[in-house]
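As structure tokens, the structure follows; a few thoughts come after it.
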Amino acid sequence: MASNKGIAIVIMGVSGAGKSTIGAMLAQVMNARFLDADDYHPQSNKGIPLTDEDRFPWLETLRDALRVSLVNGETVVLGCSALQKHYRQILRCADPNYVPAAASCAVSFVLLSVDAEVLAARLEKRAAHFMPAKLLQSQLDLLQIDESEGILKVDASLHPHQTLKAIQALISSSLPHLYPNHQS
């Protein structure tokens with residue numbers, strides 16, 4: 001079934017999981033545009049634990065950016081924490097044809113799963129990032145995964161190229177309509 005409808009893949013997870021690195025790599029191999037959600041945070045959101053009041057305008061801005069790509073028939077990869085189900089719901093609404101609880105949506109999610117110790121070590125190495133390691137636990141506490149959402153999950157403690165290959169295989173097998181030209 002051919003469609004000019006765009007697709008969006010959200011590479012999600014806590015800080016240090018590799019969203020920016022893996023998301024940019026995936027966008028490159030998919031010939032897609034990469035959006036880094038961190039670039040959309042207002043300065044007031046940086047370096048502090050965020051409340052829903054802080055997050056909702058940010059998520060709505062991301063939703064709107066995704067919608068432009070989807071409406072224009074583009075493929076876009078977004079690196080975004082998307083830690084809770086209601087945050088992901090806002091992003092799913094970027095699909096103008098999205099019906100809640102429907103099986104099909106132009107916005108799909110891939111969770112980069114990494115042990116807390118590995119995450120902490122990664123965060124300690126990247127001192128220039130606005131997300132301090134001390135906030136990692138708050139993100140881990142917020143992370144909610146509902147199996148009914150169909151979120152793809154990949155071990156992101158591997159080398160980035162191995163993680164990318166795992167994502168490509170997952171997308172190819174689980175969401176072939178989103179990634180029809182993938183060859184393993």
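Within each chain, counting starts at residue 1; across the structure tokens, chains are named A, B, ... in the order shown, with ligands numbered 1 upward in that order.
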
Q: May I have all residues of chain A that DSSP, computed from the backbone, assigns to alpha helix (DSSP H), given as a PyMOL selection string?
A: chain A and resi 19-29+52-71+85-92+116-125+136-142+160-174

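Every protein, DNA or RNA residue with an atom at most 9 Å from segment 151-164 of chain A, where only C-alpha atoms count and chain neighbours fewer than 2 positions away do not, is listed here: Ala17, Gly18, Thr21, Ile22, Gly23, Met25, Leu26, Ser108, Phe109, Val110, Leu111, Leu112, Ser113, Val114, Asp115, Val118, Leu119, Ile145, Asp146, Glu147, Ser148, Glu149, Ala166, Ile167, Gln168, Ala169, Leu170, Ile171 and Ser174 of chain A.
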
(Q) Please determine, counting only C-alpha atoms, which residue among A:Asn31, A:Leu143, A:Ala121, A:Val10 has the shortest atom-to-atom distance to Glu74 of chain A. (A)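 With only C-alpha atoms as the atom set, the closest residue is A:Asn31.
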
Q | Distance in Å - atom CA of Leu62 of chain A versus atom CA of Ser173 of chain A | A |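 Distance reported for this atom pair: 27.1 Å.
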
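Here atom CA of Asp36 of chain A is placed at a distance of 22.3 Å from atom CA of Asp141 of chain A.
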
Test item: residues at most 12 Å from Asn97 of chain A, only C-alpha atoms, excluding those fewer than 2 positions along its chain, as a PDB file with N, CA, C and O atoms, in the first residue's frame:
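File written: result-v9.pdb
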ATOM      1  N   LYS A   5       1.961   9.705   3.161  1.00  0.00           N
ATOM      2  CA  LYS A   5       1.909  10.145   4.549  1.00  0.00           C
ATOM      3  C   LYS A   5       3.288   9.985   5.168  1.00  0.00           C
ATOM      4  O   LYS A   5       3.946   8.975   4.998  1.00  0.00           O
ATOM      5  N   GLY A   6       3.719  11.003   5.891  1.00  0.00           N
ATOM      6  CA  GLY A   6       5.015  10.944   6.547  1.00  0.00           C
ATOM      7  C   GLY A   6       5.005   9.978   7.717  1.00  0.00           C
ATOM      8  O   GLY A   6       3.957   9.494   8.135  1.00  0.00           O
ATOM      9  N   ILE A   7       6.202   9.711   8.211  1.00  0.00           N
ATOM     10  CA  ILE A   7       6.349   8.871   9.387  1.00  0.00           C
ATOM     11  C   ILE A   7       7.308   9.546  10.356  1.00  0.00           C
ATOM     12  O   ILE A   7       8.189  10.305   9.959  1.00  0.00           O
ATOM     13  N   ARG A  67       4.204  17.278  13.294  1.00  0.00           N
ATOM     14  CA  ARG A  67       3.025  17.357  12.423  1.00  0.00           C
ATOM     15  C   ARG A  67       3.383  17.978  11.077  1.00  0.00           C
ATOM     16  O   ARG A  67       2.929  17.503  10.024  1.00  0.00           O
ATOM     17  N   LEU A  70       5.001  15.278   9.070  1.00  0.00           N
ATOM     18  CA  LEU A  70       4.046  14.236   8.678  1.00  0.00           C
ATOM     19  C   LEU A  70       3.127  14.720   7.568  1.00  0.00           C
ATOM     20  O   LEU A  70       2.895  14.004   6.591  1.00  0.00           O
ATOM     21  N   VAL A  71       2.598  15.919   7.704  1.00  0.00           N
ATOM     22  CA  VAL A  71       1.692  16.471   6.700  1.00  0.00           C
ATOM     23  C   VAL A  71       2.403  16.648   5.365  1.00  0.00           C
ATOM     24  O   VAL A  71       1.809  16.477   4.300  1.00  0.00           O
ATOM     25  N   ARG A  92       1.932  11.526  19.744  1.00  0.00           N
ATOM     26  CA  ARG A  92       1.130  10.761  18.775  1.00  0.00           C
ATOM     27  C   ARG A  92       0.117  11.657  18.065  1.00  0.00           C
ATOM     28  O   ARG A  92      -0.229  11.419  16.907  1.00  0.00           O
ATOM     29  N   CYS A  93      -0.352  12.675  18.770  1.00  0.00           N
ATOM     30  CA  CYS A  93      -1.340  13.587  18.176  1.00  0.00           C
ATOM     31  C   CYS A  93      -0.758  14.432  17.044  1.00  0.00           C
ATOM     32  O   CYS A  93      -1.490  15.172  16.382  1.00  0.00           O
ATOM     33  N   ALA A  94       0.534  14.305  16.787  1.00  0.00           N
ATOM     34  CA  ALA A  94       1.126  14.949  15.606  1.00  0.00           C
ATOM     35  C   ALA A  94       0.552  14.349  14.333  1.00  0.00           C
ATOM     36  O   ALA A  94       0.482  15.018  13.302  1.00  0.00           O
ATOM     37  N   ASP A  95       0.146  13.089  14.403  1.00  0.00           N
ATOM     38  CA  ASP A  95      -0.466  12.416  13.255  1.00  0.00           C
ATOM     39  C   ASP A  95      -1.889  12.950  13.120  1.00  0.00           C
ATOM     40  O   ASP A  95      -2.729  12.700  13.986  1.00  0.00           O
ATOM     41  N   VAL A  99      -6.148   8.210  15.875  1.00  0.00           N
ATOM     42  CA  VAL A  99      -7.323   7.952  16.701  1.00  0.00           C
ATOM     43  C   VAL A  99      -6.826   7.228  17.938  1.00  0.00           C
ATOM     44  O   VAL A  99      -6.235   6.147  17.822  1.00  0.00           O
ATOM     45  N   PRO A 100      -7.033   7.819  19.153  1.00  0.00           N
ATOM     46  CA  PRO A 100      -6.556   7.147  20.365  1.00  0.00           C
ATOM     47  C   PRO A 100      -7.048   5.702  20.434  1.00  0.00           C
ATOM     48  O   PRO A 100      -8.172   5.398  20.068  1.00  0.00           O
ATOM     49  N   ALA A 102      -6.203   3.366  18.577  1.00  0.00           N
ATOM     50  CA  ALA A 102      -6.155   2.705  17.271  1.00  0.00           C
ATOM     51  C   ALA A 102      -4.806   2.003  17.137  1.00  0.00           C
ATOM     52  O   ALA A 102      -3.816   2.386  17.742  1.00  0.00           O
ATOM     53  N   ALA A 103      -4.779   0.976  16.326  1.00  0.00           N
ATOM     54  CA  ALA A 103      -3.556   0.199  16.139  1.00  0.00           C
ATOM     55  C   ALA A 103      -2.523   0.947  15.300  1.00  0.00           C
ATOM     56  O   ALA A 103      -1.335   0.687  15.407  1.00  0.00           O
ATOM     57  N   SER A 104      -2.969   1.856  14.478  1.00  0.00           N
ATOM     58  CA  SER A 104      -2.077   2.508  13.523  1.00  0.00           C
ATOM     59  C   SER A 104      -1.859   3.966  13.891  1.00  0.00           C
ATOM     60  O   SER A 104      -2.790   4.680  14.238  1.00  0.00           O
ATOM     61  N   CYS A 105      -0.612   4.380  13.813  1.00  0.00           N
ATOM     62  CA  CYS A 105      -0.258   5.778  14.036  1.00  0.00           C
ATOM     63  C   CYS A 105       1.031   6.042  13.270  1.00  0.00           C
ATOM     64  O   CYS A 105       1.906   5.178  13.196  1.00  0.00           O
ATOM     65  N   ALA A 106       1.158   7.225  12.714  1.00  0.00           N
ATOM     66  CA  ALA A 106       2.364   7.585  11.965  1.00  0.00           C
ATOM     67  C   ALA A 106       3.535   7.905  12.886  1.00  0.00           C
ATOM     68  O   ALA A 106       4.639   8.128  12.419  1.00  0.00           O
ATOM     69  N   VAL A 107       3.297   7.931  14.197  1.00  0.00           N
ATOM     70  CA  VAL A 107       4.348   8.192  15.182  1.00  0.00           C
ATOM     71  C   VAL A 107       4.594   6.908  15.961  1.00  0.00           C
ATOM     72  O   VAL A 107       3.695   6.382  16.613  1.00  0.00           O
TER      73      VAL A 107
END
